$ cat protein_12.cif   # mmCIF, C-alpha atoms and all ligand atoms
data_start
#
loop_
_atom_site.group_PDB
_atom_site.id
_atom_site.type_symbol
_atom_site.label_atom_id
_atom_site.label_comp_id
_atom_site.auth_asym_id
_atom_site.auth_seq_id
_atom_site.Cartn_x
_atom_site.Cartn_y
_atom_site.Cartn_z
ATOM 1 C CA MET W 185 35.142 -220.665 -162.116
ATOM 2 C CA ASP W 186 32.792 -218.850 -159.728
ATOM 3 C CA ASN W 187 31.291 -221.610 -157.600
ATOM 4 C CA PRO W 188 30.032 -220.519 -154.169
ATOM 5 C CA VAL W 189 29.254 -224.059 -153.022
ATOM 6 C CA LEU W 190 32.752 -225.366 -153.781
ATOM 7 C CA ASP W 191 34.279 -222.184 -152.366
ATOM 8 C CA ALA W 192 32.386 -222.761 -149.106
ATOM 9 C CA ILE W 193 33.385 -226.432 -148.946
ATOM 10 C CA PHE W 194 37.062 -225.657 -149.492
ATOM 11 C CA SER W 195 37.287 -222.586 -147.252
ATOM 12 C CA ARG W 196 35.306 -223.900 -144.247
ATOM 13 C CA ARG W 197 37.510 -224.576 -141.248
ATOM 14 C CA SER W 198 36.705 -225.727 -137.746
ATOM 15 C CA VAL W 199 36.442 -222.594 -135.630
ATOM 16 C CA ARG W 200 37.104 -222.932 -131.905
ATOM 17 C CA GLU W 201 37.645 -219.285 -130.877
ATOM 18 C CA TYR W 202 34.863 -216.722 -131.014
ATOM 19 C CA GLU W 203 34.336 -213.027 -130.447
ATOM 20 C CA ASP W 204 32.393 -211.923 -127.407
ATOM 21 C CA ARG W 205 29.217 -210.891 -129.236
ATOM 22 C CA PRO W 206 25.893 -212.639 -129.634
ATOM 23 C CA VAL W 207 24.634 -214.544 -132.650
ATOM 24 C CA GLU W 208 21.206 -213.402 -133.851
ATOM 25 C CA PRO W 209 18.473 -216.051 -133.552
ATOM 26 C CA ALA W 210 17.619 -215.601 -137.251
ATOM 27 C CA LEU W 211 21.098 -216.888 -138.131
ATOM 28 C CA VAL W 212 20.730 -219.881 -135.827
ATOM 29 C CA LYS W 213 17.434 -220.614 -137.572
ATOM 30 C CA LYS W 214 19.181 -220.567 -140.970
ATOM 31 C CA ILE W 215 21.752 -223.073 -139.705
ATOM 32 C CA LEU W 216 18.967 -225.388 -138.517
ATOM 33 C CA GLU W 217 17.104 -225.001 -141.814
ATOM 34 C CA ALA W 218 20.247 -225.976 -143.704
ATOM 35 C CA GLY W 219 20.463 -229.060 -141.463
ATOM 36 C CA ILE W 220 16.939 -230.225 -142.188
ATOM 37 C CA TRP W 221 17.490 -229.867 -145.942
ATOM 38 C CA ALA W 222 20.100 -232.632 -145.846
ATOM 39 C CA PRO W 223 19.160 -235.837 -147.666
ATOM 40 C CA SER W 224 17.959 -238.823 -145.610
ATOM 41 C CA GLY W 225 17.012 -242.395 -146.495
ATOM 42 C CA LEU W 226 13.294 -242.610 -147.325
ATOM 43 C CA ASN W 227 13.314 -238.898 -146.463
ATOM 44 C CA ASN W 228 12.768 -239.968 -142.844
ATOM 45 C CA GLN W 229 14.530 -236.856 -141.464
ATOM 46 C CA PRO W 230 15.738 -238.477 -138.205
ATOM 47 C CA TRP W 231 17.505 -235.340 -136.891
ATOM 48 C CA ARG W 232 16.412 -233.450 -133.786
ATOM 49 C CA PHE W 233 18.074 -230.377 -132.293
ATOM 50 C CA ALA W 234 18.512 -228.432 -129.108
ATOM 51 C CA VAL W 235 19.480 -224.753 -129.169
ATOM 52 C CA VAL W 236 21.412 -223.413 -126.191
ATOM 53 C CA THR W 237 22.273 -219.706 -125.971
ATOM 54 C CA SER W 238 22.082 -218.752 -122.309
ATOM 55 C CA PRO W 239 25.543 -218.347 -120.724
ATOM 56 C CA GLU W 240 24.281 -220.249 -117.654
ATOM 57 C CA MET W 241 23.296 -223.314 -119.677
ATOM 58 C CA ILE W 242 26.364 -223.119 -121.942
ATOM 59 C CA SER W 243 28.623 -223.127 -118.883
ATOM 60 C CA LYS W 244 27.025 -226.385 -117.716
ATOM 61 C CA PHE W 245 28.537 -228.096 -120.776
ATOM 62 C CA GLU W 246 32.100 -227.052 -119.871
ATOM 63 C CA PRO W 247 32.897 -229.951 -117.502
ATOM 64 C CA LEU W 248 31.492 -232.481 -119.992
ATOM 65 C CA THR W 249 34.388 -232.380 -122.472
ATOM 66 C CA ARG W 250 38.064 -231.737 -122.607
ATOM 67 C CA TYR W 251 37.193 -229.037 -125.144
ATOM 68 C CA SER W 252 35.817 -226.845 -122.340
ATOM 69 C CA ARG W 253 37.801 -223.902 -123.762
ATOM 70 C CA VAL W 254 35.693 -224.060 -126.929
ATOM 71 C CA ILE W 255 32.445 -224.309 -124.968
ATOM 72 C CA LYS W 256 33.463 -221.377 -122.775
ATOM 73 C CA ALA W 257 33.868 -219.124 -125.832
ATOM 74 C CA ALA W 258 30.749 -220.367 -127.651
ATOM 75 C CA LYS W 259 27.718 -218.135 -128.092
ATOM 76 C CA VAL W 260 25.459 -220.950 -129.281
ATOM 77 C CA LEU W 261 25.565 -224.691 -128.723
ATOM 78 C CA ILE W 262 23.494 -226.934 -130.958
ATOM 79 C CA PRO W 263 23.330 -230.489 -129.642
ATOM 80 C CA VAL W 264 22.207 -232.696 -132.537
ATOM 81 C CA PHE W 265 20.307 -235.910 -131.854
ATOM 82 C CA VAL W 266 19.024 -238.814 -133.908
ATOM 83 C CA ASP W 267 15.502 -239.934 -133.004
ATOM 84 C CA SER W 268 15.732 -243.704 -132.527
ATOM 85 C CA GLU W 269 11.982 -243.983 -133.148
ATOM 86 C CA ALA W 270 12.357 -242.322 -136.552
ATOM 87 C CA MET W 271 15.223 -244.599 -137.628
ATOM 88 C CA TYR W 272 14.914 -247.401 -140.180
ATOM 89 C CA HIS W 273 18.540 -248.441 -140.787
ATOM 90 C CA GLN W 274 21.501 -247.900 -138.459
ATOM 91 C CA VAL W 275 24.088 -247.067 -141.116
ATOM 92 C CA LYS W 276 21.853 -245.010 -143.391
ATOM 93 C CA ASP W 277 20.375 -242.964 -140.565
ATOM 94 C CA HIS W 278 23.812 -242.171 -139.207
ATOM 95 C CA GLN W 279 24.927 -241.180 -142.698
ATOM 96 C CA ALA W 280 21.964 -238.809 -142.888
ATOM 97 C CA MET W 281 22.997 -237.306 -139.569
ATOM 98 C CA GLY W 282 26.488 -236.652 -140.908
ATOM 99 C CA ALA W 283 25.008 -234.936 -143.973
ATOM 100 C CA CYS W 284 22.798 -232.818 -141.707
ATOM 101 C CA ILE W 285 25.704 -231.758 -139.518
ATOM 102 C CA GLU W 286 27.945 -230.906 -142.469
ATOM 103 C CA ASN W 287 25.123 -228.819 -143.995
ATOM 104 C CA MET W 288 24.954 -226.912 -140.714
ATOM 105 C CA LEU W 289 28.714 -226.299 -140.644
ATOM 106 C CA LEU W 290 28.644 -225.028 -144.222
ATOM 107 C CA ALA W 291 25.633 -222.816 -143.512
ATOM 108 C CA ALA W 292 27.378 -221.279 -140.496
ATOM 109 C CA HIS W 293 30.468 -220.629 -142.618
ATOM 110 C CA SER W 294 28.403 -219.079 -145.429
ATOM 111 C CA LEU W 295 26.867 -216.673 -142.894
ATOM 112 C CA GLY W 296 30.291 -215.544 -141.717
ATOM 113 C CA LEU W 297 29.961 -217.518 -138.493
ATOM 114 C CA GLY W 298 32.459 -220.031 -137.184
ATOM 115 C CA ALA W 299 31.535 -223.500 -135.977
ATOM 116 C CA VAL W 300 33.092 -226.748 -134.933
ATOM 117 C CA TRP W 301 31.668 -230.253 -134.747
ATOM 118 C CA LEU W 302 32.345 -231.543 -131.220
ATOM 119 C CA GLY W 303 32.432 -235.320 -130.955
ATOM 120 C CA GLU W 304 34.563 -235.940 -127.882
ATOM 121 C CA ILE W 305 31.654 -234.639 -125.798
ATOM 122 C CA LEU W 306 29.552 -237.650 -126.841
ATOM 123 C CA LYS W 307 31.002 -239.448 -123.807
ATOM 124 C CA SER W 308 28.703 -237.158 -121.769
ATOM 125 C CA GLU W 309 25.547 -237.973 -123.710
ATOM 126 C CA SER W 310 23.453 -238.930 -120.696
ATOM 127 C CA GLU W 311 24.512 -235.828 -118.731
ATOM 128 C CA ILE W 312 23.551 -233.640 -121.708
ATOM 129 C CA ARG W 313 20.153 -235.298 -122.074
ATOM 130 C CA PHE W 314 19.602 -234.791 -118.336
ATOM 131 C CA LEU W 315 20.644 -231.110 -118.464
ATOM 132 C CA LEU W 316 18.234 -230.431 -121.320
ATOM 133 C CA GLY W 317 15.438 -232.748 -120.133
ATOM 134 C CA ILE W 318 15.596 -234.811 -123.322
ATOM 135 C CA ASP W 319 14.305 -238.381 -123.486
ATOM 136 C CA ALA W 320 16.576 -241.413 -123.987
ATOM 137 C CA GLN W 321 14.974 -242.142 -127.371
ATOM 138 C CA TYR W 322 17.148 -239.306 -128.722
ATOM 139 C CA HIS W 323 20.809 -240.212 -129.183
ATOM 140 C CA LEU W 324 23.414 -237.475 -129.204
ATOM 141 C CA MET W 325 25.345 -237.321 -132.505
ATOM 142 C CA ALA W 326 27.327 -234.108 -132.025
ATOM 143 C CA VAL W 327 27.358 -230.750 -130.370
ATOM 144 C CA LEU W 328 27.959 -227.818 -132.698
ATOM 145 C CA SER W 329 29.700 -224.883 -131.101
ATOM 146 C CA VAL W 330 28.979 -221.613 -132.915
ATOM 147 C CA GLY W 331 30.041 -217.981 -132.683
ATOM 148 C CA TRP W 332 31.601 -215.114 -134.610
ATOM 149 C CA PRO W 333 35.122 -216.229 -135.497
ATOM 150 C CA THR W 334 38.109 -214.363 -134.106
ATOM 151 C CA GLN W 335 40.618 -213.111 -136.668
ATOM 152 C CA LYS W 336 42.977 -216.008 -137.032
ATOM 153 C CA ASN W 337 44.613 -217.847 -139.888
ATOM 154 C CA ARG W 338 43.106 -221.329 -139.670
ATOM 155 C CA ARG W 339 44.758 -224.073 -141.644
ATOM 156 C CA SER W 340 43.965 -227.693 -142.195
ATOM 157 C CA ASN W 341 45.205 -230.342 -144.542
ATOM 158 C CA ARG W 342 43.989 -233.384 -146.406
ATOM 159 C CA LYS W 343 45.675 -236.474 -147.765
ATOM 160 C CA PRO W 344 46.354 -236.238 -151.497
ATOM 161 C CA LEU W 345 43.513 -237.567 -153.644
ATOM 162 C CA ASP W 346 45.786 -240.285 -155.021
ATOM 163 C CA ASP W 347 46.123 -241.714 -151.512
ATOM 164 C CA VAL W 348 42.374 -242.166 -151.076
ATOM 165 C CA ILE W 349 41.183 -243.324 -154.509
ATOM 166 C CA LEU W 350 41.010 -247.113 -154.476
ATOM 167 C CA TYR W 351 40.173 -247.563 -158.168
ATOM 168 C CA ARG W 352 39.959 -245.348 -161.223
ATOM 169 C CA ASP W 353 39.719 -246.025 -164.924
ATOM 170 C CA CYS W 354 40.382 -242.469 -166.095
ATOM 171 C CA GLU W 355 42.993 -239.743 -165.704
ATOM 172 C CA LEU W 356 41.953 -237.085 -163.168
HETATM 173 C C1 LIG W 401 33.029 -236.833 -135.939
HETATM 174 C C2 LIG W 401 33.863 -235.619 -135.635
HETATM 175 C C3 LIG W 401 34.211 -235.348 -134.331
HETATM 176 C C4 LIG W 401 34.958 -234.206 -134.007
HETATM 177 N N1 LIG W 401 35.208 -233.933 -132.702
HETATM 178 C C5 LIG W 401 35.883 -232.803 -132.382
HETATM 179 C C6 LIG W 401 36.055 -232.442 -131.015
HETATM 180 O O1 LIG W 401 35.589 -233.114 -130.098
HETATM 181 N N2 LIG W 401 36.780 -231.321 -130.739
HETATM 182 C C7 LIG W 401 37.282 -230.517 -131.742
HETATM 183 O O2 LIG W 401 37.897 -229.500 -131.425
HETATM 184 N N3 LIG W 401 37.104 -230.819 -133.060
HETATM 185 C C8 LIG W 401 36.409 -231.930 -133.395
HETATM 186 N N4 LIG W 401 36.174 -232.236 -134.717
HETATM 187 C C9 LIG W 401 36.706 -231.352 -135.776
HETATM 188 C C10 LIG W 401 37.919 -231.975 -136.473
HETATM 189 O O3 LIG W 401 39.024 -231.920 -135.605
HETATM 190 C C11 LIG W 401 38.201 -231.212 -137.776
HETATM 191 O O4 LIG W 401 37.082 -231.287 -138.631
HETATM 192 C C12 LIG W 401 39.422 -231.764 -138.515
HETATM 193 O O5 LIG W 401 40.591 -231.578 -137.760
HETATM 194 C C13 LIG W 401 39.632 -231.096 -139.882
HETATM 195 O O6 LIG W 401 39.758 -229.678 -139.729
HETATM 196 P P1 LIG W 401 38.791 -228.676 -140.506
HETATM 197 O O7 LIG W 401 37.376 -228.974 -140.042
HETATM 198 O O8 LIG W 401 39.221 -227.299 -140.090
HETATM 199 O O9 LIG W 401 38.955 -228.910 -141.970
HETATM 200 C C14 LIG W 401 35.415 -233.347 -135.053
HETATM 201 C C15 LIG W 401 35.030 -233.614 -136.379
HETATM 202 C C16 LIG W 401 34.254 -234.709 -136.656
HETATM 203 C C17 LIG W 401 33.798 -234.948 -138.091
#
$ encode --input "protein_12.cif" --output "structure tokens"
Amino acid sequence: MDNPVLDAIFSRRSVREYEDRPVEPALVKKILEAGIWAPSGLNNQPWRFAVVTSPEMISKFEPLTRYSRVIKAAKVLIPVFVDSEAMYHQVKDHQAMGACIENMLLAAHSLGLGAVWLGEILKSESEIRFLLGIDAQYHLMAVLSVGWPTQKNRRSNRKPLDDVILYRDCEL
């Protein structure tokens, strides 16, 4: 069955090594557009973004995470925030943010780019807001690191479906 959406979901991997060549702004824009087309409760669209491409600013993120090696190689960083003033429900707004971020990862993959969702860097939220001059009403949800992937066989694994289905009343 030819199904580009499922193909993208199954073939996307976290990419942490990138080639030394820039990512065109038009591609970054597509990634952001994919993010904002995620579903959100009441369609409140609580996501906000920063786009960081200058090597000087990217390098300022290096000491903020133990994944400095990833940051060092990145051509684009996209810090993703939730706007606390746009929120209406803690759980549902955070779910919407996850949908937004996954849309962005899939969009990057579909464009031939590589990306990884960085969460460990959340410990440096206040430093990141300070670096970018962003107000405390915006809470950091993730930093996406993006670039052209190096040639590398990237593998991942998942638990078998049977281990994660709690109830079923049909054969799958
Ligand atoms: C909430 C969250 C936080 C993550 N934080 C990091 C991180 O800080 N550094 C990193 O290298 N990968 C991070 N990842 C990527 C995961 O390690 C990765 O998605 C997982 O190992 C599965 O691999 P795959 O994405 O290639 O399928 C994070 C993913 C999620 C969803």
$ closest_residue --input "protein_12.cif" --among "W:Glu286, W:Glu311, W:Glu355, W:Glu304" --to "Trp221 (chain W)" --atoms "all atoms listed in the file"
W:Glu286
$ residues_around --input "protein_12.cif" --residues "Glu269 (chain W)" --least-positions-apart "6" --cutoff "10 Å" --atoms "only C-alpha atoms" --output "list in words"
Pro230, Gln321 and Tyr322 of chain W
$ resolve_selection --input "protein_12.cif" --expression "the PyMOL selection byres (((not hetatm)) within 6 of (chain W and resi 401))" --output "list in words"
Arg197, Ser198, Val300, Trp301, Leu302, Gly303, Glu304 and Ser340 of chain W
$ residues_near_point --input "protein_12.cif" --point "(30.5, -228.3, -118.2)" --cutoff "12 Å" --atoms "only C-alpha atoms" --output "PyMOL selection string"
chain W and resi 239-256+305+308+311-312+315
$ atom_distance --input "protein_12.cif" --atom1 "CA of Ala320 (chain W)" --atom2 "CA of Ala257 (chain W)"
28.3 Å
$ resolve_selection --input "protein_12.cif" --expression "the PyMOL selection byres (((chain W and resi 336) around 12) and not hetatm)" --output "PyMOL selection string"
chain W and resi 197-203+298+332-335+337-339
